[in-house]
file my_file_27.txt (compact mmCIF, C-alpha atoms)
# COMPACT_ATOMS: atom_id res chain seq x y z
CA MET K 1 6.37 2.73 -41.27
CA THR K 2 3.64 0.20 -42.08
CA SER K 3 4.35 -2.38 -39.35
CA ASN K 4 3.16 -2.11 -35.77
CA ARG K 5 4.09 -4.40 -32.87
CA GLU K 6 1.82 -5.03 -29.88
CA ILE K 7 1.98 -7.09 -26.70
CA HIS K 8 -1.09 -9.31 -26.25
CA LEU K 9 -2.22 -11.24 -23.19
CA ALA K 10 -1.86 -14.85 -24.30
CA SER K 11 -3.12 -16.51 -21.10
CA ARG K 12 -4.18 -15.58 -17.58
CA PRO K 13 -1.47 -16.05 -14.93
CA GLN K 14 -1.95 -18.39 -12.01
CA GLY K 15 0.10 -16.85 -9.22
CA TRP K 16 3.24 -15.15 -10.52
CA PRO K 17 3.05 -14.20 -14.24
CA THR K 18 5.67 -15.51 -16.65
CA GLU K 19 6.85 -14.48 -20.11
CA GLU K 20 4.60 -17.24 -21.52
CA ASN K 21 1.52 -15.24 -20.50
CA PHE K 22 2.40 -12.63 -23.16
CA ARG K 23 2.71 -12.68 -26.95
CA LEU K 24 4.39 -10.24 -29.34
CA VAL K 25 2.08 -9.66 -32.33
CA GLU K 26 2.79 -7.77 -35.56
CA THR K 27 -0.05 -5.76 -37.13
CA ASP K 28 -0.47 -2.91 -39.61
CA VAL K 29 -0.08 0.69 -38.52
CA PRO K 30 -3.66 1.97 -38.12
CA THR K 31 -5.25 4.78 -40.13
CA PRO K 32 -7.26 7.43 -38.28
CA GLY K 33 -10.93 8.11 -38.95
CA PRO K 34 -12.82 11.33 -38.19
CA GLY K 35 -11.89 12.67 -34.75
CA GLN K 36 -9.07 10.17 -34.35
CA ILE K 37 -5.28 10.35 -34.12
CA VAL K 38 -2.41 7.89 -34.47
CA VAL K 39 0.38 8.19 -31.91
CA ARG K 40 3.87 6.76 -32.23
CA ASN K 41 4.48 5.80 -28.61
CA GLN K 42 7.82 6.91 -27.19
CA TYR K 43 7.45 5.59 -23.63
CA MET K 44 4.94 3.29 -21.97
CA SER K 45 4.30 2.55 -18.34
CA VAL K 46 4.21 -0.78 -16.54
CA ASP K 47 2.55 -0.68 -13.13
CA PRO K 48 1.73 -3.16 -10.34
CA TYR K 49 -2.03 -2.59 -10.67
CA MET K 50 -1.89 -4.24 -14.09
CA ARG K 51 -1.43 -7.61 -12.41
CA GLY K 52 -5.02 -7.52 -11.13
CA ARG K 53 -6.34 -6.80 -14.60
CA MET K 54 -4.81 -10.04 -15.85
CA ASN K 55 -7.32 -11.98 -13.74
CA ASP K 56 -10.82 -12.57 -15.09
CA ALA K 57 -12.43 -10.95 -12.08
CA LYS K 58 -14.73 -7.99 -11.51
CA SER K 59 -12.87 -4.96 -10.19
CA TYR K 60 -12.80 -1.18 -10.44
CA VAL K 61 -11.39 -1.50 -13.96
CA PRO K 62 -12.23 -4.18 -16.57
CA PRO K 63 -9.84 -7.14 -16.96
CA PHE K 64 -7.51 -7.35 -19.92
CA ALA K 65 -8.96 -9.39 -22.78
CA LEU K 66 -7.19 -12.50 -23.97
CA ASP K 67 -5.57 -12.40 -27.41
CA ALA K 68 -5.79 -8.60 -27.50
CA PRO K 69 -3.28 -5.86 -26.70
CA LEU K 70 -2.92 -4.80 -23.10
CA ASP K 71 -3.26 -1.11 -22.30
CA GLY K 72 -1.83 1.44 -19.89
CA GLY K 73 -0.24 4.86 -19.73
CA ALA K 74 1.86 5.99 -22.68
CA VAL K 75 3.26 9.19 -24.15
CA GLY K 76 4.20 9.79 -27.73
CA GLU K 77 4.15 11.89 -30.89
CA VAL K 78 1.09 12.32 -33.09
CA VAL K 79 1.98 11.00 -36.57
CA ALA K 80 -1.48 11.24 -38.18
CA SER K 81 -4.52 13.30 -37.21
CA GLU K 82 -8.11 13.66 -38.37
CA ALA K 83 -9.07 15.68 -35.30
CA GLU K 84 -9.42 19.40 -34.77
CA GLY K 85 -7.04 20.85 -32.23
CA VAL K 86 -4.47 18.03 -32.47
CA SER K 87 -1.70 18.33 -35.05
CA VAL K 88 0.97 16.02 -36.35
CA GLY K 89 4.02 16.57 -34.17
CA ASP K 90 2.08 17.20 -30.95
CA THR K 91 3.13 15.20 -27.89
CA VAL K 92 0.23 13.53 -26.09
CA LEU K 93 -0.42 11.44 -23.01
CA HIS K 94 -2.96 8.63 -23.36
CA GLY K 95 -3.94 5.16 -22.17
CA LEU K 96 -3.01 2.83 -25.05
CA GLY K 97 0.43 1.57 -24.21
CA TRP K 98 1.83 -1.91 -24.89
CA ARG K 99 2.07 -1.11 -28.62
CA GLU K 100 4.26 0.95 -30.93
CA TYR K 101 1.43 2.82 -32.67
CA ALA K 102 -1.86 3.68 -30.97
CA LEU K 103 -5.14 4.64 -32.66
CA LEU K 104 -7.47 6.60 -30.40
CA ASN K 105 -10.09 9.30 -30.27
CA ALA K 106 -8.44 12.67 -29.79
CA THR K 107 -10.68 13.30 -26.79
CA SER K 108 -8.89 10.43 -25.01
CA ALA K 109 -5.48 12.12 -25.30
CA ARG K 110 -4.05 15.08 -23.42
CA LYS K 111 -1.43 17.33 -24.98
CA VAL K 112 1.70 17.83 -22.88
CA ASP K 113 4.56 20.27 -23.15
CA PRO K 114 7.96 18.60 -23.74
CA SER K 115 9.69 21.90 -22.94
CA VAL K 116 8.57 21.72 -19.29
CA ALA K 117 10.15 18.31 -18.59
CA PRO K 118 11.32 15.22 -20.48
CA VAL K 119 8.29 13.47 -21.96
CA SER K 120 8.87 10.42 -19.77
CA ALA K 121 8.15 12.57 -16.71
CA TYR K 122 4.50 12.73 -17.74
CA LEU K 123 4.28 9.01 -16.93
CA GLY K 124 5.96 9.56 -13.56
CA VAL K 125 6.46 12.64 -11.44
CA LEU K 126 4.08 14.77 -13.56
CA GLY K 127 1.68 11.92 -14.26
CA MET K 128 -0.25 9.21 -12.49
CA PRO K 129 2.42 8.34 -9.88
CA GLY K 130 2.90 11.99 -8.98
CA GLN K 131 -0.83 12.54 -8.67
CA THR K 132 -1.19 9.37 -6.60
CA ALA K 133 1.51 10.47 -4.19
CA TYR K 134 0.22 14.03 -3.90
CA ALA K 135 -3.47 13.16 -3.45
CA GLY K 136 -2.88 10.15 -1.21
CA LEU K 137 -0.64 12.02 1.20
CA LEU K 138 -2.34 15.41 1.29
CA GLU K 139 -6.02 14.63 0.63
CA VAL K 140 -6.60 11.03 1.68
CA ALA K 141 -4.24 10.94 4.67
CA ALA K 142 -4.49 14.70 5.27
CA MET K 143 -0.91 14.95 6.52
CA LYS K 144 -0.24 17.91 8.79
CA PRO K 145 3.09 19.67 9.39
CA GLY K 146 5.17 18.10 12.13
CA GLU K 147 3.70 14.60 11.74
CA THR K 148 5.64 11.36 11.30
CA VAL K 149 5.06 9.62 7.97
CA PHE K 150 5.88 6.01 7.05
CA VAL K 151 5.97 4.92 3.40
CA SER K 152 6.30 1.34 2.15
CA ALA K 153 7.85 0.48 -1.23
CA ALA K 154 9.44 3.88 -0.73
CA ALA K 155 11.97 3.62 -3.56
CA GLY K 156 9.26 3.06 -6.16
CA ALA K 157 7.62 5.56 -8.48
CA VAL K 158 4.95 6.60 -5.96
CA GLY K 159 6.69 5.99 -2.64
CA SER K 160 9.80 8.01 -3.45
CA LEU K 161 7.60 11.01 -4.26
CA VAL K 162 5.42 10.57 -1.17
CA GLY K 163 8.44 10.84 1.10
CA GLN K 164 9.84 13.90 -0.63
CA ILE K 165 6.49 15.68 -0.79
CA ALA K 166 5.96 14.95 2.91
CA LYS K 167 9.25 16.67 3.75
CA LEU K 168 8.47 19.60 1.44
CA LYS K 169 5.07 20.01 3.11
CA GLY K 170 6.55 20.08 6.60
CA ALA K 171 6.49 16.52 7.94
CA GLY K 172 8.47 16.16 11.14
CA ARG K 173 9.93 12.75 10.29
CA VAL K 174 9.70 10.55 7.19
CA ILE K 175 10.53 6.83 7.20
CA GLY K 176 10.70 4.49 4.23
CA SER K 177 11.01 0.76 3.68
CA ALA K 178 12.61 -0.73 0.58
CA GLY K 179 13.97 -4.03 -0.69
CA SER K 180 17.73 -3.55 -0.89
CA ALA K 181 20.63 -1.73 0.74
CA ALA K 182 21.09 0.36 -2.41
CA LYS K 183 17.48 1.50 -2.30
CA VAL K 184 17.77 2.37 1.38
CA GLU K 185 20.83 4.48 0.59
CA ARG K 186 18.90 6.23 -2.19
CA LEU K 187 16.03 7.05 0.19
CA ARG K 188 18.44 8.72 2.58
CA ALA K 189 19.88 10.72 -0.31
CA LEU K 190 16.33 11.85 -1.17
CA GLY K 191 15.90 13.28 2.32
CA PHE K 192 14.16 10.48 4.21
CA ASP K 193 15.01 10.75 7.91
CA ALA K 194 15.21 6.97 8.27
CA ALA K 195 14.98 3.97 5.98
CA PHE K 196 15.31 0.21 6.34
CA ASP K 197 15.55 -2.90 4.19
CA TYR K 198 12.57 -5.10 5.04
CA HIS K 199 14.70 -8.19 4.34
CA ASP K 200 16.92 -7.39 7.33
CA GLY K 201 14.42 -8.50 9.96
CA SER K 202 10.93 -7.97 11.29
CA VAL K 203 9.22 -4.99 9.69
CA ARG K 204 7.54 -4.29 13.03
CA ASP K 205 10.88 -4.13 14.86
CA SER K 206 12.54 -2.05 12.14
CA LEU K 207 9.68 0.43 12.13
CA LYS K 208 9.60 0.68 15.91
CA ALA K 209 13.32 1.52 15.92
CA ALA K 210 12.88 4.11 13.15
CA ALA K 211 9.79 5.70 14.72
CA PRO K 212 10.22 5.55 18.50
CA ASP K 213 7.48 8.16 18.96
CA GLY K 214 5.02 6.38 16.68
CA VAL K 215 3.58 7.07 13.23
CA ASP K 216 0.82 9.53 12.34
CA VAL K 217 0.46 8.77 8.63
CA TYR K 218 1.14 5.52 6.79
CA PHE K 219 1.14 5.46 2.98
CA ASP K 220 0.62 1.79 2.12
CA ASN K 221 1.87 0.32 -1.15
CA VAL K 222 2.50 -3.19 0.18
CA GLY K 223 -0.13 -4.49 2.61
CA GLY K 224 0.63 -7.69 4.53
CA ASP K 225 3.31 -7.46 7.20
CA HIS K 226 3.90 -3.77 6.43
CA LEU K 227 0.29 -2.89 7.15
CA GLU K 228 0.36 -4.97 10.33
CA ALA K 229 3.55 -3.24 11.47
CA ALA K 230 2.12 0.19 10.69
CA ILE K 231 -1.07 -0.46 12.66
CA SER K 232 1.09 -1.49 15.62
CA ALA K 233 3.12 1.72 15.37
CA MET K 234 0.28 4.17 14.69
CA ASN K 235 -0.47 6.97 17.13
CA LEU K 236 -3.99 7.86 18.23
CA HIS K 237 -6.13 9.16 15.35
CA GLY K 238 -3.51 8.09 12.79
CA ARG K 239 -4.47 7.85 9.13
CA ILE K 240 -3.56 5.13 6.65
CA ALA K 241 -3.87 5.81 2.92
CA ILE K 242 -4.08 2.45 1.15
CA CYS K 243 -2.74 2.85 -2.37
CA GLY K 244 -1.71 -0.72 -3.17
CA MET K 245 -0.99 -4.15 -1.70
CA ILE K 246 1.71 -5.58 -3.93
CA ALA K 247 2.58 -8.23 -1.33
CA GLN K 248 -0.54 -10.17 -2.27
CA TYR K 249 -1.04 -9.45 -5.99
CA ASN K 250 0.43 -12.82 -6.96
CA ALA K 251 -0.71 -14.76 -3.90
CA THR K 252 -2.74 -17.92 -4.38
CA GLU K 253 -3.81 -18.04 -0.72
CA ALA K 254 -5.34 -15.44 1.58
CA PRO K 255 -2.71 -13.33 3.40
CA ALA K 256 -2.01 -14.00 7.07
CA ALA K 257 -1.53 -10.34 7.97
CA PRO K 258 -2.66 -7.95 9.30
CA ARG K 259 -3.62 -9.83 12.44
CA ASN K 260 -4.06 -6.75 14.63
CA LEU K 261 -7.02 -5.00 13.03
CA SER K 262 -8.72 -4.76 16.41
CA SER K 263 -6.14 -2.09 17.30
CA VAL K 264 -7.88 0.20 14.80
CA ILE K 265 -10.69 0.61 17.32
CA GLY K 266 -8.74 1.68 20.38
CA LYS K 267 -6.39 3.90 18.41
CA ARG K 268 -9.32 5.40 16.47
CA LEU K 269 -7.46 4.94 13.22
CA THR K 270 -8.70 5.79 9.74
CA LEU K 271 -7.89 3.31 6.96
CA ARG K 272 -8.94 4.57 3.54
CA GLY K 273 -8.37 3.02 0.15
CA PHE K 274 -8.28 5.31 -2.84
CA LEU K 275 -7.98 5.45 -6.62
CA VAL K 276 -5.99 8.17 -8.30
CA ASN K 277 -8.74 9.05 -10.79
CA ASP K 278 -10.99 10.08 -7.92
CA HIS K 279 -8.59 12.96 -7.25
CA ASN K 280 -8.15 14.71 -10.59
CA ASN K 281 -8.96 17.92 -8.74
CA VAL K 282 -5.35 18.04 -7.48
CA ARG K 283 -3.78 17.99 -10.96
CA ASP K 284 -3.29 21.75 -11.26
CA ALA K 285 -1.81 22.05 -7.76
CA LEU K 286 0.41 19.04 -8.43
CA VAL K 287 1.83 20.51 -11.64
CA ARG K 288 2.33 23.92 -10.01
CA ASP K 289 4.10 22.53 -6.95
CA VAL K 290 6.12 19.84 -8.74
CA ALA K 291 7.27 22.13 -11.55
CA GLY K 292 8.56 24.58 -8.95
CA TRP K 293 10.26 21.89 -6.87
CA LEU K 294 11.92 20.39 -9.95
CA SER K 295 13.15 23.75 -11.21
CA ASP K 296 14.79 24.68 -7.92
CA GLY K 297 16.20 21.20 -7.32
CA ARG K 298 14.17 20.36 -4.22
CA LEU K 299 12.48 17.31 -5.78
CA SER K 300 14.22 14.41 -7.55
CA TYR K 301 12.84 11.42 -9.38
CA ASP K 302 14.30 8.16 -10.62
CA GLU K 303 13.50 6.17 -13.73
CA THR K 304 14.38 2.62 -14.72
CA VAL K 305 14.12 2.41 -18.51
CA ILE K 306 13.95 -0.81 -20.55
CA ASP K 307 14.34 -0.52 -24.31
CA GLY K 308 12.06 -2.21 -26.86
CA ILE K 309 8.36 -3.11 -26.93
CA GLU K 310 9.40 -6.77 -27.02
CA ASN K 311 10.85 -6.34 -23.53
CA ALA K 312 7.70 -4.86 -21.99
CA PRO K 313 6.69 -8.18 -20.32
CA ALA K 314 10.14 -8.48 -18.72
CA ALA K 315 9.86 -4.88 -17.48
CA PHE K 316 6.45 -5.61 -15.97
CA LEU K 317 7.74 -8.74 -14.23
CA GLY K 318 10.65 -6.65 -12.94
CA VAL K 319 8.23 -4.23 -11.27
CA LEU K 320 6.53 -7.10 -9.47
CA ARG K 321 9.94 -8.32 -8.28
CA GLY K 322 10.97 -4.84 -7.16
CA GLU K 323 13.82 -4.50 -9.66
CA ASN K 324 13.04 -0.86 -10.45
CA LEU K 325 14.36 2.27 -8.82
CA GLY K 326 11.66 4.90 -9.21
CA LYS K 327 9.38 4.64 -12.23
CA MET K 328 9.69 1.61 -14.51
CA LEU K 329 9.30 2.62 -18.15
CA VAL K 330 9.62 0.96 -21.53
CA ARG K 331 11.19 3.09 -24.26
CA VAL K 332 9.16 1.95 -27.23

call {"tool": "encode", "arguments": {"input": "my_file_27.txt", "output": "structure tokens"}}
result
Amino acid sequence: MTSNREIHLASRPQGWPTEENFRLVETDVPTPGPGQIVVRNQYMSVDPYMRGRMNDAKSYVPPFALDAPLDGGAVGEVVASEAEGVSVGDTVLHGLGWREYALLNATSARKVDPSVAPVSAYLGVLGMPGQTAYAGLLEVAAMKPGETVFVSAAAGAVGSLVGQIAKLKGAGRVIGSAGSAAKVERLRALGFDAAFDYHDGSVRDSLKAAAPDGVDVYFDNVGGDHLEAAISAMNLHGRIAICGMIAQYNATEAPAAPRNLSSVIGKRLTLRGFLVNDHNNVRDALVRDVAGWLSDGRLSYDETVIDGIENAPAAFLGVLRGENLGKMLVRV
């Protein structure tokens, strides 16, 4: 192959992104230099955090450049190598998604074993979402056996794993919120003790009914009314691990909630934001635990797969709208 297709950021969104903010561009397949490899991407990830990178604003990661390919997690096969230790045919995980062929330094790629799990799993349960769930629940929130755990966006790539890991690590009760009746049903099938559709009424009322004895740990993927409801339901010395706030990623005005932050004082709560890359120390434990749970059938994961690099923008917009069950992937 001599032709490579990439998705470029054509313009910066104002509020909700649209297809017009992206452009499909055809380029030549790159040639590796010393120490470099070329990867034919098989799967790429689209994630909510990418919305923030579309703004020209200072953050923990640089913004996407205009008229240049976006980037993000991807897994694929090495098709050309000028690097020691990486051979043609190896499967690698790297950070240059949103394109069919990626040119990168071999030091920026990590070899993975396709015999352990399908390669797509390295973008989900064995990758960044799995590490986020594991570290956020067990290190950041320091969940203890017997505690009650509440997870928002619980049918997503991270939330669905948080709930299952909580049960496997001895949580007394696990509650999830999701955006449809089908997702609520799926959460119950995954072992959640209770689940509710946040469209069915007040999140605060739904959570109170699901957790009559309060919540000890809240894993926040949403922010807004979910965070407000969780603060209201938290027990003394409860911990909140703040992973994401998708409710406000596309907002053009400041959010109204949470309006009860003063409760943090009397309840002596801990609210802690975190980034997954600050917790690479858990990777070995994650792989050990997850591989065992997968092999004996105690852990399940869902994937929503969209075919074609040209459909990557639609897949990304689908994540923001909550159209995915589990991890949203693009099969390149």

call {"tool": "closest_atom_pairs", "arguments": {"input": "my_file_27.txt", "of": "segment 125-221 of chain K", "to": "segment 318-327 of chain K", "cutoff": "12 Å", "atoms": "only C-alpha atoms", "output": "CSV"}}
result
residue,atom,partner,partner_atom,distance
K:Val125,CA,K:Lys327,CA,8.6
K:Leu126,CA,K:Lys327,CA,11.5
K:Gly127,CA,K:Lys327,CA,10.8
K:Met128,CA,K:Lys327,CA,10.7
K:Pro129,CA,K:Lys327,CA,8.2
K:Gly130,CA,K:Lys327,CA,10.3
K:Ala153,CA,K:Gly322,CA,8.6
K:Ala154,CA,K:Gly326,CA,8.8
K:Ala155,CA,K:Gly326,CA,5.8
K:Gly156,CA,K:Gly326,CA,4.3
K:Ala157,CA,K:Gly326,CA,4.2
K:Val158,CA,K:Gly326,CA,7.6
K:Gly159,CA,K:Gly326,CA,8.3
K:Ser160,CA,K:Gly326,CA,6.8
K:Leu161,CA,K:Gly326,CA,8.8
K:Val162,CA,K:Gly326,CA,11.7
K:Ala178,CA,K:Gly322,CA,8.9
K:Gly179,CA,K:Gly322,CA,7.2
K:Ser180,CA,K:Gly322,CA,9.3
K:Ala182,CA,K:Leu325,CA,9.5
K:Lys183,CA,K:Leu325,CA,7.3
K:Val184,CA,K:Leu325,CA,10.8
K:Glu185,CA,K:Leu325,CA,11.6
K:Arg186,CA,K:Leu325,CA,9.0
K:Leu187,CA,K:Leu325,CA,10.3
K:Leu190,CA,K:Gly326,CA,11.6

call {"tool": "closest_residue", "arguments": {"input": "my_file_27.txt", "among": "K:Ala194, K:Leu137, K:Pro32, K:Pro258", "to": "Ile240 of chain K", "atoms": "all atoms listed in the file"}}
result
K:Leu137

call {"tool": "atom_distance", "arguments": {"input": "my_file_27.txt", "atom1": "atom CA of Tyr101 of chain K", "atom2": "atom CA of Glu6 of chain K"}}
result
8.3 Å

call {"tool": "atom_distance", "arguments": {"input": "my_file_27.txt", "atom1": "atom CA of Met44 of chain K", "atom2": "atom CA of Val330 of chain K"}}
result
5.2 Å

call {"tool": "residues_around", "arguments": {"input": "my_file_27.txt", "residues": "Lys167 of chain K", "least_positions_apart": "4", "cutoff": "10 Å", "atoms": "only C-alpha atoms", "output": "tab-separated table (two decimals) with C-alpha atoms, in the frame of the given file"}}
result
chain	number	residue	atom	x	y	z
K	145	PRO	CA	3.09	19.67	9.39
K	146	GLY	CA	5.17	18.10	12.13
K	147	GLU	CA	3.70	14.60	11.74
K	148	THR	CA	5.64	11.36	11.30
K	149	VAL	CA	5.06	9.62	7.97
K	161	LEU	CA	7.60	11.01	-4.26
K	162	VAL	CA	5.42	10.57	-1.17
K	163	GLY	CA	8.44	10.84	1.10
K	171	ALA	CA	6.49	16.52	7.94
K	172	GLY	CA	8.47	16.16	11.14
K	173	ARG	CA	9.93	12.75	10.29
K	174	VAL	CA	9.70	10.55	7.19
K	190	LEU	CA	16.33	11.85	-1.17
K	191	GLY	CA	15.90	13.28	2.32
K	192	PHE	CA	14.16	10.48	4.21
K	193	ASP	CA	15.01	10.75	7.91

call {"tool": "residues_around", "arguments": {"input": "my_file_27.txt", "residues": "Ala10 of chain K", "least_positions_apart": "2", "cutoff": "10 Å", "atoms": "only C-alpha atoms", "output": "PyMOL selection string"}}
result
chain K and resi 7-8+12-13+19-24+65-69

call {"tool": "closest_residue", "arguments": {"input": "my_file_27.txt", "among": "K:Tyr198, K:Tyr43, K:Phe219, K:Phe316", "to": "Ala241 of chain K", "atoms": "only C-alpha atoms"}}
result
K:Phe219

call {"tool": "closest_residue", "arguments": {"input": "my_file_27.txt", "among": "K:Leu294, K:Leu168, K:Ile309, K:Ile231", "to": "Met143 of chain K", "atoms": "all atoms listed in the file"}}
result
K:Leu168

call {"tool": "closest_residue", "arguments": {"input": "my_file_27.txt", "among": "K:Lys267, K:Asn277, K:Leu329, K:Val215", "to": "Pro313 of chain K", "atoms": "only C-alpha atoms"}}
result
K:Leu329

call {"tool": "closest_residue", "arguments": {"input": "my_file_27.txt", "among": "K:Ala256, K:Ala189, K:Cys243, K:Leu9", "to": "Met54 of chain K", "atoms": "all atoms listed in the file"}}
result
K:Leu9

call {"tool": "residues_around", "arguments": {"input": "my_file_27.txt", "residues": "Glu253 of chain K", "least_positions_apart": "5", "cutoff": "12 Å", "atoms": "all atoms listed in the file", "output": "number ranges by chain"}}
result
K: 14-15, 247-248

call {"tool": "atom_distance", "arguments": {"input": "my_file_27.txt", "atom1": "atom CA of Ser263 of chain K", "atom2": "atom CA of Gly201 of chain K"}}
result
22.8 Å

call {"tool": "residues_around", "arguments": {"input": "my_file_27.txt", "residues": "Thr270 of chain K", "least_positions_apart": "6", "cutoff": "9 Å", "atoms": "all atoms listed in the file", "output": "list in words"}}
result
Ala141, His237, Gly238, Arg239, Ile240, Ala241 and Val264 of chain K

call {"tool": "closest_residue", "arguments": {"input": "my_file_27.txt", "among": "K:Thr27, K:Ser11, K:Gln164, K:Asn4", "to": "Gly297 of chain K", "atoms": "only C-alpha atoms"}}
result
K:Gln164

call {"tool": "residues_around", "arguments": {"input": "my_file_27.txt", "residues": "Asp225 of chain K", "least_positions_apart": "4", "cutoff": "12 Å", "atoms": "all atoms listed in the file", "output": "list of chain:residue names"}}
result
K:Ser152, K:Ser177, K:Tyr198, K:His199, K:Gly201, K:Ser202, K:Val203, K:Arg204, K:Asp205, K:Ser206, K:Leu207, K:Asp220, K:Asn221, K:Ala229, K:Ala230, K:Ile231, K:Ser232, K:Met245, K:Ile246, K:Ala247, K:Gln248, K:Pro255, K:Ala256, K:Ala257, K:Pro258, K:Arg259, K:Asn260

call {"tool": "axis_aligned_box", "arguments": {"input": "my_file_27.txt", "around": "segment 216-233 of chain K", "padding_each_side": "4 Å", "output": "lines of an AutoDock Vina configuration file"}}
result
center_x = 1.4
center_y = 0.9
center_z = 7.2
size_x = 13.0
size_y = 25.2
size_z = 24.8

call {"tool": "decode", "arguments": {"input": "my_file_27.txt", "residues": "segment 22-37 of chain K", "atoms": "N, CA, C and O atoms", "output": "tab-separated table (two decimals), in the first residue's frame"}}
result
chain	number	residue	atom	x	y	z
K	22	PHE	N	-14.02	18.05	11.29
K	22	PHE	CA	-13.02	17.06	10.92
K	22	PHE	C	-12.84	17.01	9.40
K	22	PHE	O	-13.74	17.38	8.65
K	23	ARG	N	-11.69	16.52	8.97
K	23	ARG	CA	-11.43	16.39	7.54
K	23	ARG	C	-10.66	15.09	7.30
K	23	ARG	O	-9.68	14.79	8.01
K	24	LEU	N	-11.08	14.33	6.30
K	24	LEU	CA	-10.37	13.12	5.88
K	24	LEU	C	-9.32	13.52	4.85
K	24	LEU	O	-9.65	14.12	3.82
K	25	VAL	N	-8.05	13.19	5.12
K	25	VAL	CA	-6.94	13.61	4.28
K	25	VAL	C	-6.17	12.38	3.81
K	25	VAL	O	-5.90	11.47	4.60
K	26	GLU	N	-5.81	12.35	2.53
K	26	GLU	CA	-5.02	11.25	1.99
K	26	GLU	C	-3.57	11.68	1.86
K	26	GLU	O	-3.25	12.74	1.32
K	27	THR	N	-2.65	10.85	2.38
K	27	THR	CA	-1.22	11.12	2.33
K	27	THR	C	-0.50	9.84	1.86
K	27	THR	O	-1.13	8.82	1.60
K	28	ASP	N	0.83	9.93	1.77
K	28	ASP	CA	1.62	8.75	1.44
K	28	ASP	C	1.90	7.94	2.69
K	28	ASP	O	2.01	8.49	3.79
K	29	VAL	N	2.04	6.64	2.54
K	29	VAL	CA	2.48	5.81	3.65
K	29	VAL	C	3.91	6.21	4.01
K	29	VAL	O	4.77	6.28	3.12
K	30	PRO	N	4.19	6.49	5.27
K	30	PRO	CA	5.53	6.97	5.65
K	30	PRO	C	6.58	5.87	5.57
K	30	PRO	O	6.28	4.67	5.56
K	31	THR	N	7.84	6.30	5.53
K	31	THR	CA	8.99	5.40	5.52
K	31	THR	C	9.78	5.61	6.81
K	31	THR	O	10.07	6.75	7.17
K	32	PRO	N	10.13	4.55	7.51
K	32	PRO	CA	10.81	4.74	8.80
K	32	PRO	C	12.28	5.12	8.63
K	32	PRO	O	12.96	4.68	7.70
K	33	GLY	N	12.75	5.96	9.57
K	33	GLY	CA	14.17	6.26	9.66
K	33	GLY	C	14.79	5.44	10.78
K	33	GLY	O	14.12	4.58	11.37
K	34	PRO	N	16.03	5.69	11.11
K	34	PRO	CA	16.70	4.93	12.17
K	34	PRO	C	15.91	5.01	13.49
K	34	PRO	O	15.51	6.10	13.92
K	35	GLY	N	15.67	3.85	14.09
K	35	GLY	CA	14.97	3.79	15.37
K	35	GLY	C	13.46	3.92	15.26
K	35	GLY	O	12.77	3.95	16.29
K	36	GLN	N	12.95	3.97	14.03
K	36	GLN	CA	11.52	4.17	13.83
K	36	GLN	C	10.84	2.92	13.29
K	36	GLN	O	11.48	2.02	12.74
K	37	ILE	N	9.51	2.90	13.43
K	37	ILE	CA	8.69	1.82	12.89
K	37	ILE	C	7.47	2.43	12.21
K	37	ILE	O	7.08	3.57	12.50
